[in-house]
>>> print(open('entry.pdb').read())   # PDB, C-alpha atoms
ATOM      1  CA  MET A   7      83.996  -9.594  87.558  1.00  0.00           C
ATOM      2  CA  MET A   8      81.052  -8.297  85.555  1.00  0.00           C
ATOM      3  CA  SER A   9      80.302  -4.606  85.332  1.00  0.00           C
ATOM      4  CA  GLY A  10      76.966  -3.088  86.291  1.00  0.00           C
ATOM      5  CA  PRO A  11      75.572  -2.893  82.746  1.00  0.00           C
ATOM      6  CA  THR A  12      76.465  -6.547  82.092  1.00  0.00           C
ATOM      7  CA  LYS A  13      74.730  -7.656  85.289  1.00  0.00           C
ATOM      8  CA  THR A  14      71.671  -5.629  84.312  1.00  0.00           C
ATOM      9  CA  MET A  15      71.658  -7.230  80.865  1.00  0.00           C
ATOM     10  CA  GLY A  16      71.870 -10.674  82.481  1.00  0.00           C
ATOM     11  CA  VAL A  17      68.906  -9.935  84.736  1.00  0.00           C
ATOM     12  CA  ILE A  18      66.885  -8.654  81.774  1.00  0.00           C
ATOM     13  CA  THR A  19      67.760 -11.792  79.783  1.00  0.00           C
ATOM     14  CA  LEU A  20      66.647 -14.086  82.596  1.00  0.00           C
ATOM     15  CA  ALA A  21      63.449 -12.082  83.152  1.00  0.00           C
ATOM     16  CA  ALA A  22      62.690 -12.288  79.434  1.00  0.00           C
ATOM     17  CA  LEU A  23      63.209 -16.060  79.559  1.00  0.00           C
ATOM     18  CA  VAL A  24      60.697 -16.375  82.388  1.00  0.00           C
ATOM     19  CA  LEU A  25      58.159 -14.144  80.615  1.00  0.00           C
ATOM     20  CA  ILE A  26      58.497 -15.930  77.276  1.00  0.00           C
ATOM     21  CA  THR A  27      58.213 -19.332  78.945  1.00  0.00           C
ATOM     22  CA  THR A  28      55.075 -18.192  80.786  1.00  0.00           C
ATOM     23  CA  TYR A  29      53.622 -16.821  77.552  1.00  0.00           C
ATOM     24  CA  THR A  30      54.396 -20.097  75.757  1.00  0.00           C
ATOM     25  CA  VAL A  31      52.710 -22.190  78.455  1.00  0.00           C
ATOM     26  CA  ALA A  32      49.652 -19.947  78.623  1.00  0.00           C
ATOM     27  CA  LEU A  33      49.071 -18.997  74.979  1.00  0.00           C
ATOM     28  CA  GLY A  34      51.281 -21.188  72.827  1.00  0.00           C
ATOM     29  CA  SER A  35      54.675 -20.869  71.277  1.00  0.00           C
ATOM     30  CA  SER A  36      55.813 -17.887  69.253  1.00  0.00           C
ATOM     31  CA  GLY A  37      58.908 -18.376  67.147  1.00  0.00           C
ATOM     32  CA  TRP A  38      59.623 -14.639  66.973  1.00  0.00           C
ATOM     33  CA  LEU A  39      59.666 -14.335  70.767  1.00  0.00           C
ATOM     34  CA  TRP A  40      62.115 -17.207  71.071  1.00  0.00           C
ATOM     35  CA  PHE A  41      64.244 -15.832  68.250  1.00  0.00           C
ATOM     36  CA  GLY A  42      64.331 -12.462  70.015  1.00  0.00           C
ATOM     37  CA  TRP A  43      65.325 -14.130  73.267  1.00  0.00           C
ATOM     38  CA  VAL A  44      68.168 -15.996  71.533  1.00  0.00           C
ATOM     39  CA  VAL A  45      69.440 -12.719  70.066  1.00  0.00           C
ATOM     40  CA  LEU A  46      69.239 -11.116  73.535  1.00  0.00           C
ATOM     41  CA  GLY A  47      71.095 -14.090  75.025  1.00  0.00           C
ATOM     42  CA  VAL A  48      73.871 -13.891  72.444  1.00  0.00           C
ATOM     43  CA  ALA A  49      74.242 -10.159  73.091  1.00  0.00           C
ATOM     44  CA  THR A  50      74.449 -10.835  76.831  1.00  0.00           C
ATOM     45  CA  ILE A  51      77.107 -13.501  76.317  1.00  0.00           C
ATOM     46  CA  GLY A  52      79.033 -11.080  74.122  1.00  0.00           C
ATOM     47  CA  MET A  53      78.926  -8.398  76.805  1.00  0.00           C
ATOM     48  CA  ALA A  54      80.111 -10.866  79.430  1.00  0.00           C
ATOM     49  CA  ALA A  55      82.955 -12.009  77.174  1.00  0.00           C
ATOM     50  CA  ALA A  56      83.991  -8.414  76.526  1.00  0.00           C
ATOM     51  CA  ASP A  57      84.037  -7.723  80.275  1.00  0.00           C
ATOM     52  CA  ALA A  58      86.169 -10.799  80.922  1.00  0.00           C
ATOM     53  CA  GLY A  59      88.589  -9.997  78.108  1.00  0.00           C
ATOM     54  CA  GLU A  60      89.930  -6.661  79.298  1.00  0.00           C
ATOM     55  CA  PRO A  61      90.454  -5.167  82.717  1.00  0.00           C
ATOM     56  CA  TYR A  62      88.310  -2.154  83.426  1.00  0.00           C
ATOM     57  CA  ALA A  63      90.102   1.086  82.628  1.00  0.00           C
ATOM     58  CA  ARG A  64      88.943   4.370  84.126  1.00  0.00           C
ATOM     59  CA  SER A  65      89.879   6.709  81.323  1.00  0.00           C
ATOM     60  CA  ALA A  66      92.173   6.026  78.428  1.00  0.00           C
ATOM     61  CA  ARG A  67      91.956   9.508  76.955  1.00  0.00           C
ATOM     62  CA  PRO A  68      94.264  12.305  78.031  1.00  0.00           C
ATOM     63  CA  ASP A  69      92.966  15.395  79.766  1.00  0.00           C
ATOM     64  CA  ARG A  70      91.247  17.961  77.621  1.00  0.00           C
ATOM     65  CA  PRO A  71      93.407  20.677  76.132  1.00  0.00           C
ATOM     66  CA  GLY A  72      93.634  23.775  78.265  1.00  0.00           C
ATOM     67  CA  ARG A  73      93.204  21.982  81.593  1.00  0.00           C
ATOM     68  CA  ARG A  74      96.108  22.298  83.970  1.00  0.00           C
ATOM     69  CA  PRO A  75      96.435  20.329  87.198  1.00  0.00           C
TER
END
>>> encode(input="entry.pdb", output="structure tokens")
Amino acid sequence: MMSGPTKTMGVITLAALVLITTYTVALGSSGWLWFGWVVLGVATIGMAAADAGEPYARSARPDRPGRRP
């Protein structure tokens, strides 16, 4: 299951795809926009892969020194 930040990144990636496609249809293609979208897509895929690779851990660090339960 994807975490909240990964879902947000996916939504942003899809929204960027729609905006870039609209821009391309209306004004013509821009290689830098498409390159940026590819980079965003690869980052999104990386986040999704990282989420799928490890189970979500609450806190791996021990309590702070001086704190007693």
>>> residues_around(input="entry.pdb", residues="stretch 44-61 of chain A", least_positions_apart="5", cutoff="8 Å", atoms="all atoms listed in the file", output="VMD selection string")
chain A and resid 7 to 9 12 15 to 16 19
>>> write_last_selection(input="entry.pdb", atoms="C-alpha atoms", output="PDB file, in the frame of the given file")
ATOM      1  CA  MET A   7      83.996  -9.594  87.558  1.00  0.00           C
ATOM      2  CA  MET A   8      81.052  -8.297  85.555  1.00  0.00           C
ATOM      3  CA  SER A   9      80.302  -4.606  85.332  1.00  0.00           C
ATOM      4  CA  THR A  12      76.465  -6.547  82.092  1.00  0.00           C
ATOM      5  CA  MET A  15      71.658  -7.230  80.865  1.00  0.00           C
ATOM      6  CA  GLY A  16      71.870 -10.674  82.481  1.00  0.00           C
ATOM      7  CA  THR A  19      67.760 -11.792  79.783  1.00  0.00           C
TER       8      THR A  19
END
>>> atom_distance(input="entry.pdb", atom1="atom CA of A:Val17", atom2="atom CA of A:Leu33")
23.9 Å
>>> atom_distance(input="entry.pdb", atom1="atom CA of A:Tyr29", atom2="atom CA of A:Pro11")
26.5 Å
>>> atom_distance(input="entry.pdb", atom1="atom CA of A:Leu25", atom2="atom CA of A:Gly37")
14.1 Å
>>> axis_aligned_box(input="entry.pdb", around="stretch 19-23 of chain A", padding_each_side="5 Å", output="AutoDock Vina command-line options")
--center_x 65.2 --center_y -13.9 --center_z 81.3 --size_x 15.1 --size_y 14.3 --size_z 13.7
